[in-house]
file work-v2.txt (compact mmCIF, C-alpha atoms and all ligand atoms)
# COMPACT_ATOMS: atom_id res chain seq x y z
CA MET A 5 0.00 0.00 0.00
CA LYS A 6 1.16 3.54 -0.63
CA PHE A 7 -0.27 6.93 0.28
CA CYS A 8 0.39 10.64 -0.14
CA SER A 9 -1.12 13.97 0.77
CA LEU A 10 -2.00 16.77 -1.64
CA GLY A 11 -2.50 19.27 1.18
CA SER A 12 -3.31 19.06 4.88
CA GLY A 13 -4.62 22.17 6.55
CA SER A 14 -7.27 24.84 6.59
CA SER A 15 -6.41 25.83 3.00
CA GLY A 16 -7.30 22.37 1.69
CA ASN A 17 -7.07 18.69 2.57
CA SER A 18 -6.71 15.74 0.23
CA TYR A 19 -5.06 12.31 0.38
CA LEU A 20 -4.52 9.41 -1.99
CA VAL A 21 -4.31 5.79 -0.87
CA SER A 22 -3.24 3.22 -3.49
CA LYS A 23 -2.66 -0.46 -3.95
CA ASN A 24 -2.05 -2.09 -7.35
CA ASN A 25 -4.49 -0.27 -9.66
CA THR A 26 -6.90 0.89 -6.95
CA ASN A 27 -6.52 4.59 -6.15
CA ILE A 28 -8.75 6.13 -3.50
CA LEU A 29 -9.01 9.88 -3.11
CA VAL A 30 -9.94 11.05 0.39
CA ASP A 31 -11.39 14.57 0.46
CA CYS A 32 -10.85 17.39 -2.02
CA GLY A 33 -10.59 20.79 -0.34
CA PHE A 34 -9.38 22.33 -3.61
CA SER A 35 -10.92 23.46 -6.88
CA VAL A 36 -10.79 20.84 -9.63
CA THR A 37 -8.03 22.72 -11.46
CA GLU A 38 -5.96 22.99 -8.30
CA LEU A 39 -6.41 19.31 -7.52
CA GLU A 40 -5.44 18.30 -11.07
CA GLY A 41 -2.20 20.24 -10.67
CA ARG A 42 -1.47 18.74 -7.28
CA MET A 43 -2.15 15.20 -8.55
CA ALA A 44 0.17 15.80 -11.50
CA GLN A 45 2.93 16.58 -8.99
CA ARG A 46 2.35 13.08 -7.56
CA GLN A 47 2.43 11.50 -11.05
CA ILE A 48 -1.19 10.36 -11.01
CA LYS A 49 -4.13 11.41 -13.17
CA PRO A 50 -7.72 11.99 -12.00
CA THR A 51 -8.82 9.40 -14.60
CA GLU A 52 -6.91 6.82 -12.53
CA ILE A 53 -9.02 7.45 -9.40
CA THR A 54 -11.13 4.42 -8.45
CA ALA A 55 -13.36 6.08 -5.85
CA ILE A 56 -13.67 9.29 -3.91
CA PHE A 57 -14.35 9.32 -0.14
CA LEU A 58 -15.50 12.42 1.75
CA THR A 59 -15.05 12.75 5.53
CA HIS A 60 -17.37 15.71 6.17
CA GLU A 61 -18.82 18.85 4.64
CA HIS A 62 -16.36 21.54 5.76
CA ASP A 63 -14.96 23.55 2.84
CA ASP A 64 -11.36 22.56 3.45
CA HIS A 65 -12.40 18.95 2.66
CA SER A 66 -15.33 19.21 0.26
CA LYS A 67 -14.66 22.26 -1.94
CA GLY A 68 -14.12 20.60 -5.33
CA ILE A 69 -15.19 17.06 -4.62
CA PHE A 70 -18.56 16.94 -6.42
CA ALA A 71 -17.31 18.87 -9.43
CA LEU A 72 -14.40 16.42 -9.63
CA ALA A 73 -16.70 13.38 -9.33
CA GLU A 74 -18.89 14.81 -12.08
CA LYS A 75 -16.05 15.76 -14.42
CA TYR A 76 -14.32 12.38 -14.24
CA ASN A 77 -17.45 10.25 -13.64
CA LYS A 78 -16.13 8.74 -10.40
CA PRO A 79 -18.19 7.20 -7.57
CA ILE A 80 -18.33 9.20 -4.37
CA TYR A 81 -18.76 7.70 -0.87
CA LEU A 82 -20.08 9.78 2.04
CA THR A 83 -22.49 9.63 4.97
CA TYR A 84 -26.10 10.69 4.60
CA GLY A 85 -25.54 13.62 6.97
CA THR A 86 -22.57 14.84 4.93
CA LEU A 87 -24.56 14.55 1.70
CA LYS A 88 -27.41 16.60 3.22
CA MET A 89 -24.98 19.36 4.20
CA CYS A 90 -23.34 19.44 0.76
CA GLN A 91 -26.43 20.18 -1.31
CA LYS A 92 -25.16 23.65 -2.25
CA ARG A 93 -22.17 22.08 -4.01
CA ILE A 94 -24.25 19.68 -6.12
CA LYS A 95 -25.50 21.34 -9.29
CA LYS A 96 -28.81 20.15 -10.74
CA SER A 97 -27.07 19.18 -13.96
CA TYR A 98 -24.71 16.75 -12.17
CA ASN A 99 -25.22 13.06 -12.72
CA LEU A 100 -23.37 11.68 -9.69
CA ASN A 101 -22.75 8.12 -8.60
CA ILE A 102 -23.40 8.57 -4.87
CA ASN A 103 -22.88 5.80 -2.32
CA ILE A 104 -24.09 6.32 1.24
CA ILE A 105 -21.83 4.89 3.95
CA SER A 106 -22.63 4.38 7.63
CA PRO A 107 -20.43 4.97 10.68
CA LEU A 108 -18.92 1.75 12.10
CA ASP A 109 -19.52 -0.11 8.81
CA THR A 110 -16.81 -1.66 6.69
CA LEU A 111 -16.83 -1.99 2.95
CA GLU A 112 -14.72 -3.84 0.44
CA LEU A 113 -13.39 -2.03 -2.57
CA ASN A 114 -11.02 -4.00 -4.82
CA ASP A 115 -7.78 -4.32 -2.85
CA PHE A 116 -9.05 -2.57 0.28
CA ILE A 117 -11.27 -3.15 3.27
CA ILE A 118 -12.32 0.30 4.46
CA SER A 119 -13.60 0.97 7.98
CA ILE A 120 -15.85 3.98 8.56
CA ILE A 121 -14.97 5.59 11.90
CA PRO A 122 -17.34 8.16 13.48
CA VAL A 123 -15.57 11.13 15.07
CA PRO A 124 -16.72 14.02 17.29
CA HIS A 125 -16.52 17.18 15.15
CA ASP A 126 -18.82 20.11 14.46
CA ALA A 127 -20.24 18.67 11.24
CA ARG A 128 -23.49 16.76 10.61
CA GLU A 129 -22.18 13.18 10.37
CA PRO A 130 -18.36 13.27 10.20
CA VAL A 131 -16.30 10.12 9.74
CA GLN A 132 -12.68 9.18 9.14
CA PHE A 133 -11.25 6.12 7.41
CA LYS A 134 -9.06 3.10 8.04
CA PHE A 135 -7.71 1.21 5.03
CA GLN A 136 -6.67 -2.41 5.21
CA SER A 137 -4.88 -4.23 2.42
CA GLU A 138 -3.83 -7.81 3.16
CA LYS A 139 -2.36 -7.48 6.66
CA THR A 140 -1.38 -3.81 6.49
CA THR A 141 -3.48 -0.98 7.90
CA LEU A 142 -3.41 2.78 7.45
CA ALA A 143 -5.72 5.29 9.16
CA ILE A 144 -6.21 8.94 8.22
CA ILE A 145 -7.68 10.70 11.25
CA THR A 146 -8.22 14.46 11.18
CA ASP A 147 -10.91 16.90 12.28
CA LEU A 148 -11.98 15.63 15.68
CA GLY A 149 -12.36 17.13 19.13
CA PHE A 150 -11.19 14.12 21.13
CA GLY A 151 -10.27 10.47 20.74
CA ASN A 152 -13.58 8.65 21.17
CA LYS A 153 -13.83 4.98 22.06
CA GLU A 154 -14.80 3.89 18.53
CA LEU A 155 -11.69 5.56 17.15
CA ILE A 156 -9.30 4.12 19.72
CA ASN A 157 -10.71 0.60 19.22
CA SER A 158 -10.43 0.89 15.47
CA ILE A 159 -6.82 2.10 15.29
CA LYS A 160 -5.35 0.34 18.34
CA GLN A 161 -3.01 -1.93 16.30
CA ILE A 162 -2.48 0.38 13.33
CA ASN A 163 0.60 0.07 11.04
CA ALA A 164 0.61 3.58 9.59
CA LEU A 165 -1.17 6.57 11.07
CA ILE A 166 -1.89 10.07 9.85
CA LEU A 167 -3.21 11.89 12.92
CA GLU A 168 -4.35 15.47 13.34
CA SER A 169 -2.29 17.61 15.69
CA ASN A 170 -3.86 20.97 15.05
CA HIS A 171 -2.61 23.41 17.64
CA ASP A 172 -0.48 24.11 20.65
CA GLU A 173 -2.79 25.07 23.49
CA ASN A 174 -0.60 27.99 24.63
CA LEU A 175 -0.21 29.43 21.13
CA LEU A 176 -3.94 29.18 20.55
CA HIS A 177 -4.62 30.87 23.88
CA LYS A 178 -2.29 33.77 22.97
CA SER A 179 -3.35 34.01 19.31
CA ARG A 180 -5.31 36.86 17.76
CA TYR A 181 -8.20 34.52 16.89
CA PRO A 182 -11.58 35.76 18.18
CA LYS A 183 -12.79 34.07 21.34
CA ASN A 184 -15.63 32.19 19.65
CA LEU A 185 -13.21 30.65 17.14
CA LYS A 186 -10.79 29.67 19.94
CA ASP A 187 -13.67 28.07 21.83
CA ARG A 188 -14.78 26.19 18.72
CA ILE A 189 -11.29 24.82 18.05
CA ARG A 190 -10.79 23.78 21.68
CA SER A 191 -14.19 22.17 22.14
CA ASN A 192 -14.91 18.43 22.06
CA TYR A 193 -16.29 19.01 18.56
CA GLY A 194 -13.30 21.01 17.31
CA HIS A 195 -9.70 20.01 16.62
CA LEU A 196 -7.01 18.06 18.45
CA SER A 197 -4.26 19.93 20.26
CA ASN A 198 -0.77 18.46 20.44
CA GLU A 199 -1.52 17.27 23.98
CA GLU A 200 -4.75 15.62 22.83
CA SER A 201 -3.16 13.85 19.87
CA LEU A 202 -0.42 12.64 22.24
CA GLY A 203 -3.19 11.36 24.53
CA ILE A 204 -4.57 9.27 21.65
CA LEU A 205 -1.11 7.86 20.81
CA LYS A 206 -0.71 6.84 24.46
CA LYS A 207 -3.85 4.70 24.21
CA LEU A 208 -2.58 2.74 21.18
CA ASN A 209 -0.31 -0.25 20.91
CA LEU A 210 2.56 1.37 19.03
CA ASP A 211 4.60 -1.84 18.64
CA ASN A 212 3.19 -2.37 15.15
CA LEU A 213 3.31 1.28 14.10
CA LYS A 214 5.80 1.64 11.22
CA TRP A 215 4.97 5.16 10.04
CA LEU A 216 3.53 8.13 11.90
CA GLY A 217 2.60 11.53 10.48
CA ALA A 218 1.03 14.69 11.89
CA ALA A 219 -1.70 16.36 9.85
CA HIS A 220 -3.94 19.43 9.75
CA LEU A 221 -1.39 21.61 11.61
CA SER A 222 -2.43 25.20 12.19
CA LYS A 223 0.11 27.53 10.57
CA GLU A 224 -0.69 30.21 13.16
CA ASN A 225 -0.94 28.16 16.32
CA ASN A 226 1.48 25.28 15.92
CA SER A 227 4.89 24.28 14.58
CA PRO A 228 6.50 21.00 13.50
CA GLU A 229 8.92 21.29 16.44
CA LEU A 230 6.11 21.54 18.99
CA VAL A 231 4.39 18.46 17.56
CA LYS A 232 7.63 16.47 17.53
CA ASP A 233 8.43 17.53 21.12
CA ALA A 234 5.03 16.24 22.23
CA TRP A 235 4.97 13.00 20.24
CA LYS A 236 8.56 11.90 20.89
CA LYS A 237 7.48 11.14 24.45
CA VAL A 238 5.81 7.99 23.11
CA PHE A 239 7.23 7.36 19.62
CA GLU A 240 10.98 7.01 19.18
CA ASP A 241 11.15 6.51 15.40
CA LYS A 242 10.85 9.29 12.85
CA ILE A 243 7.89 11.61 13.27
CA ASN A 244 6.69 12.95 9.91
CA ILE A 245 5.04 16.32 9.60
CA ILE A 246 2.66 16.77 6.68
CA ASP A 247 3.04 20.26 5.27
CA PRO A 248 -0.28 22.14 5.49
CA ASP A 249 0.19 23.71 2.03
CA LEU A 250 2.21 21.11 0.12
CA GLY A 251 1.15 17.81 1.69
CA MET A 252 3.71 15.03 1.33
CA PRO A 253 5.07 12.73 -1.36
CA TRP A 254 4.18 9.05 -1.69
CA VAL A 255 5.12 6.74 1.17
CA SER A 256 5.01 2.93 0.85
CA ILE A 257 4.35 0.63 3.76
ZN ZN B 301 -10.45 20.34 8.27
ZN ZN B 302 -13.71 20.04 9.76
call {"tool": "encode", "arguments": {"input": "work-v2.txt", "output": "structure tokens", "more": "lines below"}}
Ligand SMILES: [Zn+2]
Ligand SMILES: [Zn+2]
result
Amino acid sequence: MKFCSLGSGSSGNSYLVSKNNTNILVDCGFSVTELEGRMAQRQIKPTEITAIFLTHEHDDHSKGIFALAEKYNKPIYLTYGTLKMCQKRIKKSYNLNINIISPLDTLELNDFIISIIPVPHDAREPVQFKFQSEKTTLAIITDLGFGNKELINSIKQINALILESNHDENLLHKSRYPKNLKDRIRSNYGHLSNEESLGILKKLNLDNLKWLGAAHLSKENNSPELVKDAWKKVFEDKINIIDPDLGMPWVSI
């Protein structure tokens, strides 16, 4: 299995997970043109996408996703709640192949078994995904306020993990963000701080973890160094930081 990121922050999130000829796009927080350019940098064409998965309706994840699905005639997978909240993005002329997924379900798609993980976040029905191919597992977990039981159970023995580490609590406290935005980010339906993402890592069995990356970092209220300082308390191997603007190149596990 291999995976890459095309962007990982408030200006746009998107990931690709691949095995053999199956290429799954997770989220598209970019315009179609922007995504096409970013995919070209990873040497893959939108025509090669097998399926598109959407985690939740927020703009930084959903911006171009329906236009992309329409343009390239690709199936899109999302929860009913997410679909309801995305109506404004779906033009009447679109002829979409929509597949409703349910939290805690698993589905098989060519080389993958995909687990649908519900997460606490201020969206209608947000989920995140775990991908299994043969005996290898990867989870992409961003946009959540805390590590709920369903999440911890699902990723306990994970082999590769992309985990949100959005902000440093002190930097957020001191930042120029308005109070209501700070409260939203900090809440149980907001985003994970470095301390909270560390708390999740502490609950996992890290013996089988071969690759670890931090995602959805705030450019204003966090830094790669602060994330690494927090996470190295539990993970001694390399800690990867996914660039909020540029994402990261392909990694094979
Ligand atoms: Zn987000
Ligand atoms: Zn979100």
call {"tool": "residues_around", "arguments": {"input": "work-v2.txt", "residues": "Arg128 (chain A)", "least_positions_apart": "4", "cutoff": "12 Å", "atoms": "all atoms listed in the file", "output": "PyMOL selection string"}}
result
chain A and resi 59-62+82-90+122-124+193
call {"tool": "closest_residue", "arguments": {"input": "work-v2.txt", "among": "A:Asn226, A:Asn192, A:Asn212, A:Gln91", "to": "Ser66 (chain A)", "atoms": "all atoms listed in the file"}}
result
A:Gln91
call {"tool": "residues_near_point", "arguments": {"input": "work-v2.txt", "point": "(-3.5, 13.7, -0.6)", "cutoff": "9 Å", "atoms": "all atoms listed in the file", "output": "VMD selection string"}}
result
chain A and resid 7 to 12 17 to 21 29 to 32 42 to 43 251 to 253
call {"tool": "atom_distance", "arguments": {"input": "work-v2.txt", "atom1": "CA of Ser227 (chain A)", "atom2": "CA of Phe57 (chain A)"}}
result
28.5 Å
call {"tool": "closest_atom_pairs", "arguments": {"input": "work-v2.txt", "of": "chain A", "to": "ligand ZN 302 (chain B)", "cutoff": "8 Å", "atoms": "all atoms listed in the file", "output": "tab-separated table"}}
result
residue	atom	partner	partner_atom	distance
A:His60	CA	B:ZN302	ZN	6.7
A:Glu61	CA	B:ZN302	ZN	7.3
A:His62	CA	B:ZN302	ZN	5.0
A:Asp63	CA	B:ZN302	ZN	7.9
A:Asp64	CA	B:ZN302	ZN	7.2
A:His65	CA	B:ZN302	ZN	7.3
A:His125	CA	B:ZN302	ZN	6.7
A:Asp126	CA	B:ZN302	ZN	6.9
A:Ala127	CA	B:ZN302	ZN	6.8
A:Thr146	CA	B:ZN302	ZN	8.0
A:Asp147	CA	B:ZN302	ZN	4.9
A:Leu148	CA	B:ZN302	ZN	7.6
A:Gly194	CA	B:ZN302	ZN	7.6
A:His195	CA	B:ZN302	ZN	7.9
call {"tool": "closest_residue", "arguments": {"input": "work-v2.txt", "among": "A:Thr110, A:Asn184, A:Ser222, A:Gln47", "to": "ligand ZN 301 (chain B)", "atoms": "all atoms listed in the file"}}
result
A:Ser222
call {"tool": "atom_distance", "arguments": {"input": "work-v2.txt", "atom1": "CA of Gly16 (chain A)", "atom2": "CA of Asp249 (chain A)"}}
result
7.6 Å
call {"tool": "closest_residue", "arguments": {"input": "work-v2.txt", "among": "A:Glu74, A:Glu229, A:Glu224, A:Glu168", "to": "Glu200 (chain A)", "atoms": "all atoms listed in the file"}}
result
A:Glu168
call {"tool": "residues_around", "arguments": {"input": "work-v2.txt", "residues": "region 131-138 of chain A", "least_positions_apart": "5", "cutoff": "7 Å", "atoms": "all atoms listed in the file", "output": "list in words"}}
result
Met5, Thr59, His60, Pro107, Asp115, Phe116, Ile117, Ile118, Ser119, Ile120, Ile121, Pro122, Val123, Ala143, Ile144 and Ile145 of chain A
call {"tool": "build_atoms", "arguments": {"input": "work-v2.txt", "residues": "region 160-178 of chain A", "atoms": "N, CA and C atoms", "output": "PDB file, in the coordinates of the input"}}
result
ATOM      1  N   LYS A 160      -6.240   0.788  17.251  1.00  0.00           N
ATOM      2  CA  LYS A 160      -5.350   0.340  18.340  1.00  0.00           C
ATOM      3  C   LYS A 160      -4.061  -0.330  17.845  1.00  0.00           C
ATOM      4  N   GLN A 161      -4.181  -1.150  16.773  1.00  0.00           N
ATOM      5  CA  GLN A 161      -3.010  -1.930  16.300  1.00  0.00           C
ATOM      6  C   GLN A 161      -2.512  -1.404  14.951  1.00  0.00           C
ATOM      7  N   ILE A 162      -2.678  -0.138  14.695  1.00  0.00           N
ATOM      8  CA  ILE A 162      -2.480   0.380  13.330  1.00  0.00           C
ATOM      9  C   ILE A 162      -1.009   0.300  12.895  1.00  0.00           C
ATOM     10  N   ASN A 163      -0.767   0.138  11.582  1.00  0.00           N
ATOM     11  CA  ASN A 163       0.600   0.070  11.040  1.00  0.00           C
ATOM     12  C   ASN A 163       1.112   1.419  10.546  1.00  0.00           C
ATOM     13  N   ALA A 164       0.219   2.228  10.033  1.00  0.00           N
ATOM     14  CA  ALA A 164       0.610   3.580   9.590  1.00  0.00           C
ATOM     15  C   ALA A 164      -0.523   4.521   9.982  1.00  0.00           C
ATOM     16  N   LEU A 165      -0.140   5.674  10.527  1.00  0.00           N
ATOM     17  CA  LEU A 165      -1.170   6.570  11.070  1.00  0.00           C
ATOM     18  C   LEU A 165      -0.889   8.008  10.691  1.00  0.00           C
ATOM     19  N   ILE A 166      -1.885   8.623  10.064  1.00  0.00           N
ATOM     20  CA  ILE A 166      -1.890  10.070   9.850  1.00  0.00           C
ATOM     21  C   ILE A 166      -2.868  10.617  10.883  1.00  0.00           C
ATOM     22  N   LEU A 167      -2.375  11.428  11.815  1.00  0.00           N
ATOM     23  CA  LEU A 167      -3.210  11.890  12.920  1.00  0.00           C
ATOM     24  C   LEU A 167      -3.146  13.414  13.017  1.00  0.00           C
ATOM     25  N   GLU A 168      -4.308  14.011  13.157  1.00  0.00           N
ATOM     26  CA  GLU A 168      -4.350  15.470  13.340  1.00  0.00           C
ATOM     27  C   GLU A 168      -3.586  15.877  14.607  1.00  0.00           C
ATOM     28  N   SER A 169      -2.840  16.954  14.503  1.00  0.00           N
ATOM     29  CA  SER A 169      -2.290  17.610  15.690  1.00  0.00           C
ATOM     30  C   SER A 169      -2.366  19.102  15.369  1.00  0.00           C
ATOM     31  N   ASN A 170      -3.504  19.678  15.620  1.00  0.00           N
ATOM     32  CA  ASN A 170      -3.860  20.970  15.050  1.00  0.00           C
ATOM     33  C   ASN A 170      -3.145  22.141  15.671  1.00  0.00           C
ATOM     34  N   HIS A 171      -3.122  22.181  16.998  1.00  0.00           N
ATOM     35  CA  HIS A 171      -2.610  23.410  17.640  1.00  0.00           C
ATOM     36  C   HIS A 171      -1.894  23.117  18.945  1.00  0.00           C
ATOM     37  N   ASP A 172      -1.075  24.075  19.322  1.00  0.00           N
ATOM     38  CA  ASP A 172      -0.480  24.110  20.650  1.00  0.00           C
ATOM     39  C   ASP A 172      -1.413  24.938  21.527  1.00  0.00           C
ATOM     40  N   GLU A 173      -1.760  24.407  22.666  1.00  0.00           N
ATOM     41  CA  GLU A 173      -2.790  25.070  23.490  1.00  0.00           C
ATOM     42  C   GLU A 173      -2.357  26.481  23.916  1.00  0.00           C
ATOM     43  N   ASN A 174      -1.074  26.659  24.231  1.00  0.00           N
ATOM     44  CA  ASN A 174      -0.600  27.990  24.630  1.00  0.00           C
ATOM     45  C   ASN A 174      -0.650  28.984  23.478  1.00  0.00           C
ATOM     46  N   LEU A 175      -0.196  28.536  22.300  1.00  0.00           N
ATOM     47  CA  LEU A 175      -0.210  29.430  21.130  1.00  0.00           C
ATOM     48  C   LEU A 175      -1.639  29.817  20.767  1.00  0.00           C
ATOM     49  N   LEU A 176      -2.538  28.867  20.860  1.00  0.00           N
ATOM     50  CA  LEU A 176      -3.940  29.180  20.550  1.00  0.00           C
ATOM     51  C   LEU A 176      -4.487  30.189  21.567  1.00  0.00           C
ATOM     52  N   HIS A 177      -4.155  29.961  22.823  1.00  0.00           N
ATOM     53  CA  HIS A 177      -4.620  30.870  23.880  1.00  0.00           C
ATOM     54  C   HIS A 177      -4.141  32.299  23.610  1.00  0.00           C
ATOM     55  N   LYS A 178      -2.880  32.435  23.174  1.00  0.00           N
ATOM     56  CA  LYS A 178      -2.290  33.770  22.970  1.00  0.00           C
ATOM     57  C   LYS A 178      -2.618  34.367  21.598  1.00  0.00           C
TER      58      LYS A 178
END
